[in-house]
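K.L.:
Here it is, the structure, as structure tokens.
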Protein chains: 2
Amino acid sequence: MSSPRPLRADAARNRESLLVAAADEFAERGLDASVADIARRAGVGKGTVFRHFATKDDLIAAILLDRMNALNAVGERLLDAPDPAAGLWKFLVAAGEQRQQRDLSFLQDAGAANAAEVTTARTTMFRTIDTLVDRAREHGAVRADITGTDIVLLMCAPNYVTSYLPDASPDLWRRYLAIIFDGLRPDGAHPLPQPPP
Amino acid sequence: MSSPRPLRADAARNRESLLVAAADEFAERGLDASVADIARRAGVGKGTVFRHFATKDDLIAAILLDRMNALNAVGERLLDAPDPAAGLWKFLVAAGEQRQQRDLSFLQDAGAANAAEVTTARTTMFRTIDTLVDRAREHGAVRADITGTDIVLLMCAPNYVTSYLPDASPDLWRRYLAIIFDGLRPDGAHPLPQPPP
DNA sequence: CGCTAACCGGACCGAGCGGTCAACTTGCTA
DNA sequence: TAGCAAGTTGACCGCTCGGTCCGGTTAGCG
């Protein structure tokens, strides 16, 4: 199901430049960074962008896919960690570091987030996290009333909250990840007012 | 420094319609809801929008101001609550409920967020929260290494994380507020990796 | 080395945006 | 109730955007 013919050398180079230029440009200017600016940053013409990605949404989907696959690789490597609690923690740190380098969370709001490939990558990630959390729970490292979905939602929060303070330490998110992680621990847990989603 | 002449009756009515129509439209379509759509929703012409608010940013600033003032009123009323822990909790719930009704957090990203009036309202809110947190800390209800700024940042998180699940219970944010609040408690707290901002 | 299919670039298009303006309507006051 | 300042309106402007297209360029194979 992949390409019948490999990309020409220059085309492959341009595709890669475009992907990183687009990621940078989106990180700086937000969701409505213009395709023209992305092309300029990559050092190619605007037409080249649309040759590689039929629409702007397709470009966003490709970026999303790259990042999710990277995270999935980390998660799967952590699945058989000796200490499940540390495994979950390391996964959350990896996710935070990815977003520290370039916060592209808002790309999830674009229509591209529903593209088939992105959806399957997301499903894979959800399943990985579910397993990570199950093991940590069995190990007594997280409270009983927490699910994988809870972690999926909460993992984005630390970077989000620090984005309101653009000139703070780039590592500040680690503080809030630690606070939230403390809230996930079994000791001192209070009953939750709402069931998990 | 206020208006030398009161607004005409129909103008005052239109201004109010515009404010709620704009809030609704922004909540539905995000930051780039068009002025034309807002005008249509309010049942007025586009020119009327610009008579009341010189630019789109001014309109956003007016909405922001309304919401912050409402929250400030709640906070100040809670300042002399008998139980400081409950006071802080109630404030966070009020903030969550405001965002549950209409999530307009992204308006903070607009240039309008730096308008003079908005900035002073925000400063007021920060000071109120600082006091709320100080009292709760003295009362032993939150851990010693937490500041008011921490709460300012974290208070937005519960609604944010649930926005990734558009079809979940509208009260789901209360679950995550409770988890985060558990992380703020003194019992079972682990040392934090980063200093407060 | 020469041929050609793949690739590139940027002028161009229509749509939609924020904002302006001059002609028209209406609430308020004397 | 008459007059007018205040308010309203929608056509209009300049601009930027995502996306198209075709003439010129180039990588790679035989």
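Residue numbers start at 1 in each chain; chains themselves are named A, B, ... in the order of the structure tokens; ligands are numbered from 1 in the order shown.
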Skipping near chain neighbours, those fewer than 5 positions away, what residues fall within 12 Å of B:Ala12 using only C-alpha atoms (C1' of nucleotides), listed as a ChimeraX atom specification?

P.N.:
/B:6-7,17-19,48,51-52 /C:27 /D:7

K.L.:
Kindly save the residues from that selection, with C-alpha atoms (C1' of nucleotides) included, as a PDB file, in the first residue's frame.

P.N.:
```
ATOM      1  CA  PRO B   6     -25.359  58.023  28.496  1.00  0.00           C
ATOM      2  CA  LEU B   7     -25.998  55.592  25.653  1.00  0.00           C
ATOM      3  CA  SER B  17     -26.908  41.820  22.303  1.00  0.00           C
ATOM      4  CA  LEU B  18     -23.541  42.122  20.609  1.00  0.00           C
ATOM      5  CA  LEU B  19     -21.654  41.106  23.728  1.00  0.00           C
ATOM      6  CA  THR B  48     -23.005  48.691  14.269  1.00  0.00           C
ATOM      7  CA  ARG B  51     -19.546  51.721  16.164  1.00  0.00           C
ATOM      8  CA  HIS B  52     -19.543  50.052  19.593  1.00  0.00           C
TER       9      HIS B  52
ATOM     10  C1'  DG C  27     -34.670  58.223  20.198  1.00  0.00           C
TER      11       DG C  27
ATOM     12  C1'  DG D   7     -27.281  55.538  15.898  1.00  0.00           C
TER      13       DG D   7
END
```

K.L.:
Applying 10 Å and only C-alpha atoms (C1' of nucleotides), which residues near stretch 35-43 of chain A remain after dropping the ones on its own chain fewer than 3 positions away? List them as a PDB file with C-alpha atoms (C1' of nucleotides), in the first residue's frame.

P.N.:
```pdb
ATOM      1  CA  ASN A  14      12.214  19.050   0.022  1.00  0.00           C
ATOM      2  CA  ARG A  15       9.564  16.968   1.732  1.00  0.00           C
ATOM      3  CA  GLU A  16      11.715  16.717   4.836  1.00  0.00           C
ATOM      4  CA  SER A  17      12.560  20.439   4.824  1.00  0.00           C
ATOM      5  CA  LEU A  18       8.880  21.216   4.511  1.00  0.00           C
ATOM      6  CA  LEU A  19       7.946  19.048   7.457  1.00  0.00           C
ATOM      7  CA  VAL A  20      10.386  20.743   9.822  1.00  0.00           C
ATOM      8  CA  ALA A  21       9.741  24.226   8.425  1.00  0.00           C
ATOM      9  CA  ALA A  22       6.019  23.698   8.887  1.00  0.00           C
ATOM     10  CA  ALA A  23       6.462  22.424  12.438  1.00  0.00           C
ATOM     11  CA  ASP A  24       8.604  25.451  13.300  1.00  0.00           C
ATOM     12  CA  GLU A  25       6.253  27.874  11.648  1.00  0.00           C
ATOM     13  CA  PHE A  26       3.163  26.396  13.331  1.00  0.00           C
ATOM     14  CA  ASP A  32      -2.980  29.853  10.905  1.00  0.00           C
ATOM     15  CA  LYS A  46       4.443  27.491  -2.673  1.00  0.00           C
ATOM     16  CA  GLY A  47       3.529  25.059  -5.432  1.00  0.00           C
ATOM     17  CA  THR A  48       5.958  22.532  -4.014  1.00  0.00           C
ATOM     18  CA  VAL A  49       4.076  22.444  -0.747  1.00  0.00           C
ATOM     19  CA  PHE A  50       0.892  21.442  -2.530  1.00  0.00           C
ATOM     20  CA  THR A  55      -4.082  20.524   1.282  1.00  0.00           C
ATOM     21  CA  LYS A  56      -2.871  22.394   4.337  1.00  0.00           C
ATOM     22  CA  LEU A  59       0.416  18.766   5.871  1.00  0.00           C
TER      23      LEU A  59
ATOM     24  C1'  DC D  17      -5.425  33.343   2.433  1.00  0.00           C
ATOM     25  C1'  DG D  18      -5.608  28.294   0.428  1.00  0.00           C
TER      26       DG D  18
END
```

K.L.:
Write out as number ranges by chain every residue belonging to chain A that has an atom at most 7 Å from any atom of chain B, counting only C-alpha atoms.

P.N.:
A: 153-154, 157, 161-162, 168, 172, 174-175, 178-180, 182-184, 187-190, 192-194, 197

K.L.:
Give me a file of those residues, with N, CA and C atoms, as a PDB file, in the first residue's frame.

P.N.:
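And here is the file that came out, again14.pdb:
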```pdb
ATOM      1  N   LEU A 153      -5.848  12.492  29.003  1.00  0.00           N
ATOM      2  CA  LEU A 153      -6.295  13.876  29.102  1.00  0.00           C
ATOM      3  C   LEU A 153      -5.315  14.725  29.907  1.00  0.00           C
ATOM      4  N   LEU A 154      -4.861  14.190  31.020  1.00  0.00           N
ATOM      5  CA  LEU A 154      -4.047  14.997  31.933  1.00  0.00           C
ATOM      6  C   LEU A 154      -2.621  15.219  31.436  1.00  0.00           C
ATOM      7  N   ALA A 157      -1.808  18.625  30.134  1.00  0.00           N
ATOM      8  CA  ALA A 157      -2.049  19.799  30.977  1.00  0.00           C
ATOM      9  C   ALA A 157      -0.779  20.558  31.371  1.00  0.00           C
ATOM     10  N   VAL A 161      -0.605  24.633  30.783  1.00  0.00           N
ATOM     11  CA  VAL A 161      -0.700  25.677  31.804  1.00  0.00           C
ATOM     12  C   VAL A 161       0.510  26.604  31.770  1.00  0.00           C
ATOM     13  N   THR A 162       1.678  26.093  31.447  1.00  0.00           N
ATOM     14  CA  THR A 162       2.845  26.972  31.445  1.00  0.00           C
ATOM     15  C   THR A 162       2.894  27.852  30.206  1.00  0.00           C
ATOM     16  N   ALA A 168       8.654  32.122  31.189  1.00  0.00           N
ATOM     17  CA  ALA A 168       9.082  31.337  32.348  1.00  0.00           C
ATOM     18  C   ALA A 168      10.123  30.308  31.924  1.00  0.00           C
ATOM     19  N   LEU A 172       9.471  24.531  33.370  1.00  0.00           N
ATOM     20  CA  LEU A 172       8.459  24.727  34.411  1.00  0.00           C
ATOM     21  C   LEU A 172       7.373  23.655  34.387  1.00  0.00           C
ATOM     22  N   ARG A 174       7.569  20.672  34.273  1.00  0.00           N
ATOM     23  CA  ARG A 174       7.906  19.526  35.132  1.00  0.00           C
ATOM     24  C   ARG A 174       7.328  19.709  36.532  1.00  0.00           C
ATOM     25  N   ARG A 175       7.261  20.950  36.967  1.00  0.00           N
ATOM     26  CA  ARG A 175       6.664  21.244  38.278  1.00  0.00           C
ATOM     27  C   ARG A 175       5.200  20.798  38.303  1.00  0.00           C
ATOM     28  N   ALA A 178       4.633  17.106  38.153  1.00  0.00           N
ATOM     29  CA  ALA A 178       4.858  16.498  39.472  1.00  0.00           C
ATOM     30  C   ALA A 178       3.643  16.692  40.379  1.00  0.00           C
ATOM     31  N   ILE A 179       3.067  17.880  40.350  1.00  0.00           N
ATOM     32  CA  ILE A 179       1.888  18.140  41.187  1.00  0.00           C
ATOM     33  C   ILE A 179       0.739  17.223  40.782  1.00  0.00           C
ATOM     34  N   ILE A 180       0.502  17.132  39.483  1.00  0.00           N
ATOM     35  CA  ILE A 180      -0.587  16.278  39.003  1.00  0.00           C
ATOM     36  C   ILE A 180      -0.299  14.820  39.335  1.00  0.00           C
ATOM     37  N   ASP A 182       1.322  13.740  41.835  1.00  0.00           N
ATOM     38  CA  ASP A 182       0.993  13.565  43.250  1.00  0.00           C
ATOM     39  C   ASP A 182      -0.503  13.344  43.430  1.00  0.00           C
ATOM     40  N   GLY A 183      -1.296  14.011  42.614  1.00  0.00           N
ATOM     41  CA  GLY A 183      -2.749  13.832  42.704  1.00  0.00           C
ATOM     42  C   GLY A 183      -3.203  12.468  42.220  1.00  0.00           C
ATOM     43  N   LEU A 184      -2.353  11.808  41.461  1.00  0.00           N
ATOM     44  CA  LEU A 184      -2.705  10.494  40.921  1.00  0.00           C
ATOM     45  C   LEU A 184      -2.325   9.370  41.874  1.00  0.00           C
ATOM     46  N   ASP A 187      -1.979   7.437  47.984  1.00  0.00           N
ATOM     47  CA  ASP A 187      -1.978   7.956  49.350  1.00  0.00           C
ATOM     48  C   ASP A 187      -2.587   9.358  49.396  1.00  0.00           C
ATOM     49  N   GLY A 188      -3.524   9.528  50.324  1.00  0.00           N
ATOM     50  CA  GLY A 188      -4.170  10.823  50.489  1.00  0.00           C
ATOM     51  C   GLY A 188      -5.208  11.132  49.439  1.00  0.00           C
ATOM     52  N   ALA A 189      -5.635  10.130  48.658  1.00  0.00           N
ATOM     53  CA  ALA A 189      -6.622  10.367  47.605  1.00  0.00           C
ATOM     54  C   ALA A 189      -8.026  10.538  48.190  1.00  0.00           C
ATOM     55  N   HIS A 190      -8.727  11.559  47.707  1.00  0.00           N
ATOM     56  CA  HIS A 190     -10.121  11.766  48.099  1.00  0.00           C
ATOM     57  C   HIS A 190     -11.019  11.238  46.991  1.00  0.00           C
ATOM     58  N   LEU A 192     -13.577  10.903  43.976  1.00  0.00           N
ATOM     59  CA  LEU A 192     -13.761  11.826  42.860  1.00  0.00           C
ATOM     60  C   LEU A 192     -15.246  12.057  42.585  1.00  0.00           C
ATOM     61  N   PRO A 193     -15.597  13.303  42.236  1.00  0.00           N
ATOM     62  CA  PRO A 193     -17.013  13.661  42.075  1.00  0.00           C
ATOM     63  C   PRO A 193     -17.634  13.166  40.770  1.00  0.00           C
ATOM     64  N   GLN A 194     -16.838  12.761  39.827  1.00  0.00           N
ATOM     65  CA  GLN A 194     -17.374  12.359  38.522  1.00  0.00           C
ATOM     66  C   GLN A 194     -16.724  11.048  38.094  1.00  0.00           C
ATOM     67  N   PRO A 197     -14.459   9.092  31.997  1.00  0.00           N
ATOM     68  CA  PRO A 197     -15.146   9.154  30.698  1.00  0.00           C
ATOM     69  C   PRO A 197     -15.086   7.834  29.936  1.00  0.00           C
TER      70      PRO A 197
END
```

K.L.:
Report as a PyMOL selection string all protein, DNA and RNA residues lying within 12 Å of C:DA23, evaluated on only C-alpha atoms (C1' of nucleotides), omitting residues in the same chain fewer than 2 positions from it.

P.N.:
(chain C and resi 21+25) or (chain D and resi 8-11)

K.L.:
If you run DSSP over the backbone, which residues in stretch 91-167 of chain A end up alpha helix (DSSP H)? Put them as an MDAnalysis selection string.

P.N.:
chainID A and resid 91:101 116:138 148:154 157:162

K.L.:
Please produce an output containing N, CA and C atoms for each residue in the selection, written as a compact mmCIF listing (two decimals), in the first residue's frame.

P.N.:
```txt
# COMPACT_ATOMS: atom_id res chain seq x y z
N PHE A 91 7.13 7.98 30.46
CA PHE A 91 6.33 8.26 29.28
C PHE A 91 5.78 9.69 29.34
N LEU A 92 5.26 10.06 30.49
CA LEU A 92 4.70 11.40 30.63
C LEU A 92 5.79 12.46 30.46
N VAL A 93 6.98 12.17 30.95
CA VAL A 93 8.09 13.12 30.78
C VAL A 93 8.45 13.24 29.29
N ALA A 94 8.47 12.10 28.59
CA ALA A 94 8.79 12.15 27.16
C ALA A 94 7.76 12.99 26.41
N ALA A 95 6.49 12.80 26.74
CA ALA A 95 5.45 13.60 26.09
C ALA A 95 5.64 15.08 26.39
N GLY A 96 5.97 15.38 27.62
CA GLY A 96 6.19 16.77 28.00
C GLY A 96 7.38 17.37 27.28
N GLU A 97 8.43 16.59 27.14
CA GLU A 97 9.62 17.10 26.45
C GLU A 97 9.34 17.37 24.98
N GLN A 98 8.53 16.50 24.39
CA GLN A 98 8.17 16.75 22.98
C GLN A 98 7.45 18.08 22.85
N ARG A 99 6.56 18.34 23.77
CA ARG A 99 5.81 19.58 23.70
C ARG A 99 6.62 20.77 24.17
N GLN A 100 7.62 20.53 24.99
CA GLN A 100 8.50 21.63 25.39
C GLN A 100 9.28 22.13 24.19
N GLN A 101 9.78 21.18 23.39
CA GLN A 101 10.57 21.55 22.23
C GLN A 101 9.73 22.35 21.22
N ALA A 116 -7.67 9.39 8.74
CA ALA A 116 -7.65 7.97 9.11
C ALA A 116 -6.34 7.57 9.78
N GLU A 117 -5.22 7.92 9.15
CA GLU A 117 -3.93 7.52 9.71
C GLU A 117 -3.71 8.09 11.10
N VAL A 118 -4.10 9.35 11.27
CA VAL A 118 -3.93 9.98 12.58
C VAL A 118 -4.78 9.27 13.62
N THR A 119 -5.99 8.91 13.24
CA THR A 119 -6.88 8.24 14.18
C THR A 119 -6.32 6.90 14.63
N THR A 120 -5.78 6.13 13.68
CA THR A 120 -5.23 4.83 14.10
C THR A 120 -3.99 5.02 14.98
N ALA A 121 -3.16 6.02 14.66
CA ALA A 121 -2.00 6.28 15.52
C ALA A 121 -2.45 6.65 16.92
N ARG A 122 -3.52 7.43 16.99
CA ARG A 122 -4.03 7.84 18.29
C ARG A 122 -4.56 6.64 19.06
N THR A 123 -5.27 5.77 18.35
CA THR A 123 -5.80 4.58 19.00
C THR A 123 -4.67 3.73 19.57
N THR A 124 -3.62 3.57 18.79
CA THR A 124 -2.45 2.84 19.28
C THR A 124 -1.92 3.47 20.56
N MET A 125 -1.82 4.79 20.56
CA MET A 125 -1.29 5.48 21.73
C MET A 125 -2.19 5.25 22.93
N PHE A 126 -3.49 5.34 22.71
CA PHE A 126 -4.42 5.13 23.82
C PHE A 126 -4.23 3.75 24.43
N ARG A 127 -4.08 2.75 23.56
CA ARG A 127 -3.95 1.39 24.06
C ARG A 127 -2.65 1.24 24.86
N THR A 128 -1.58 1.83 24.34
CA THR A 128 -0.30 1.78 25.06
C THR A 128 -0.42 2.40 26.44
N ILE A 129 -1.03 3.58 26.47
CA ILE A 129 -1.18 4.27 27.76
C ILE A 129 -2.04 3.45 28.71
N ASP A 130 -3.11 2.88 28.18
CA ASP A 130 -3.98 2.03 29.01
C ASP A 130 -3.16 0.96 29.70
N THR A 131 -2.33 0.28 28.93
CA THR A 131 -1.51 -0.79 29.51
C THR A 131 -0.55 -0.24 30.55
N LEU A 132 0.10 0.87 30.19
CA LEU A 132 1.03 1.51 31.13
C LEU A 132 0.34 1.81 32.47
N VAL A 133 -0.86 2.33 32.38
CA VAL A 133 -1.57 2.72 33.59
C VAL A 133 -2.04 1.49 34.36
N ASP A 134 -2.53 0.49 33.63
CA ASP A 134 -2.98 -0.74 34.30
C ASP A 134 -1.86 -1.34 35.14
N ARG A 135 -0.69 -1.42 34.53
CA ARG A 135 0.45 -2.01 35.27
C ARG A 135 0.81 -1.16 36.48
N ALA A 136 0.83 0.15 36.28
CA ALA A 136 1.17 1.02 37.41
C ALA A 136 0.14 0.88 38.53
N ARG A 137 -1.12 0.72 38.16
CA ARG A 137 -2.16 0.59 39.16
C ARG A 137 -2.01 -0.72 39.92
N GLU A 138 -1.80 -1.80 39.18
CA GLU A 138 -1.60 -3.10 39.84
C GLU A 138 -0.41 -3.04 40.80
N GLY A 148 -6.78 4.87 32.07
CA GLY A 148 -5.86 5.32 31.04
C GLY A 148 -6.33 6.61 30.38
N THR A 149 -7.62 6.70 30.14
CA THR A 149 -8.17 7.91 29.52
C THR A 149 -7.90 9.14 30.38
N ASP A 150 -7.98 8.97 31.69
CA ASP A 150 -7.65 10.09 32.57
C ASP A 150 -6.25 10.60 32.28
N ILE A 151 -5.33 9.67 32.13
CA ILE A 151 -3.93 10.07 31.89
C ILE A 151 -3.78 10.70 30.51
N VAL A 152 -4.46 10.15 29.52
CA VAL A 152 -4.40 10.75 28.19
C VAL A 152 -4.79 12.21 28.24
N LEU A 153 -5.85 12.49 29.00
CA LEU A 153 -6.30 13.88 29.10
C LEU A 153 -5.32 14.73 29.91
N LEU A 154 -4.86 14.19 31.02
CA LEU A 154 -4.05 15.00 31.93
C LEU A 154 -2.62 15.22 31.44
N ALA A 157 -1.81 18.62 30.13
CA ALA A 157 -2.05 19.80 30.98
C ALA A 157 -0.78 20.56 31.37
N PRO A 158 0.30 19.89 31.80
CA PRO A 158 1.44 20.66 32.30
C PRO A 158 1.99 21.66 31.30
N ASN A 159 2.17 21.25 30.06
CA ASN A 159 2.67 22.19 29.05
C ASN A 159 1.65 23.28 28.77
N TYR A 160 0.37 22.89 28.77
CA TYR A 160 -0.66 23.87 28.49
C TYR A 160 -0.64 24.99 29.51
N VAL A 161 -0.60 24.63 30.78
CA VAL A 161 -0.70 25.68 31.80
C VAL A 161 0.51 26.60 31.77
N THR A 162 1.68 26.09 31.45
CA THR A 162 2.84 26.97 31.44
C THR A 162 2.89 27.85 30.21
```

K.L.:
Could the residues of chain C within 12 Å of chain B, counting only C-alpha atoms (C1' of nucleotides), be given as number ranges by chain, please?

P.N.:
C: 16-21, 26-28

K.L.:
I want to know what sits within 12 Å of C:DA11, based on only C-alpha atoms (C1' of nucleotides), with residues of the same chain fewer than 4 positions away left out; could you give that as a list in words?

P.N.:
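Selected residues are Gly45, Lys46 and Gly47 of chain A; DT20, DC21, DC22 and DG23 of chain D.
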
K.L.:
One decimal, in Å: what's the spacing between atom CA of A:Ala113 and atom CA of A:Phe53?

P.N.:
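Value for the atom CA of A:Ala113-atom CA of A:Phe53 distance: 15.1 Å.
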
K.L.:
When you count only C-alpha atoms (C1' of nucleotides), which of these residues is closest to chain D: B:Val44, B:Arg13, B:Leu88, B:Ile60?

P.N.:
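Of B:Val44, B:Arg13, B:Leu88, B:Ile60, the one nearest chain D is B:Val44, counting only C-alpha atoms (C1' of nucleotides).
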
K.L.:
With only C-alpha atoms (C1' of nucleotides) as the atoms that count, which of A:Ala115, A:Ala27, A:Ala33, A:Ala62 lies nearest to chain D?

P.N.:
A:Ala33

K.L.:
Mind pulling up the distance from atom CA of A:Leu31 to atom CA of A:Asp58?

P.N.:
13.4 Å

K.L.:
Counting only C-alpha atoms (C1' of nucleotides), figure out which residue out of D:DG24, D:DC12, D:DG30, D:DG19 gets nearest to chain A.

P.N.:
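For chain A, the nearest of the candidates is D:DG19.
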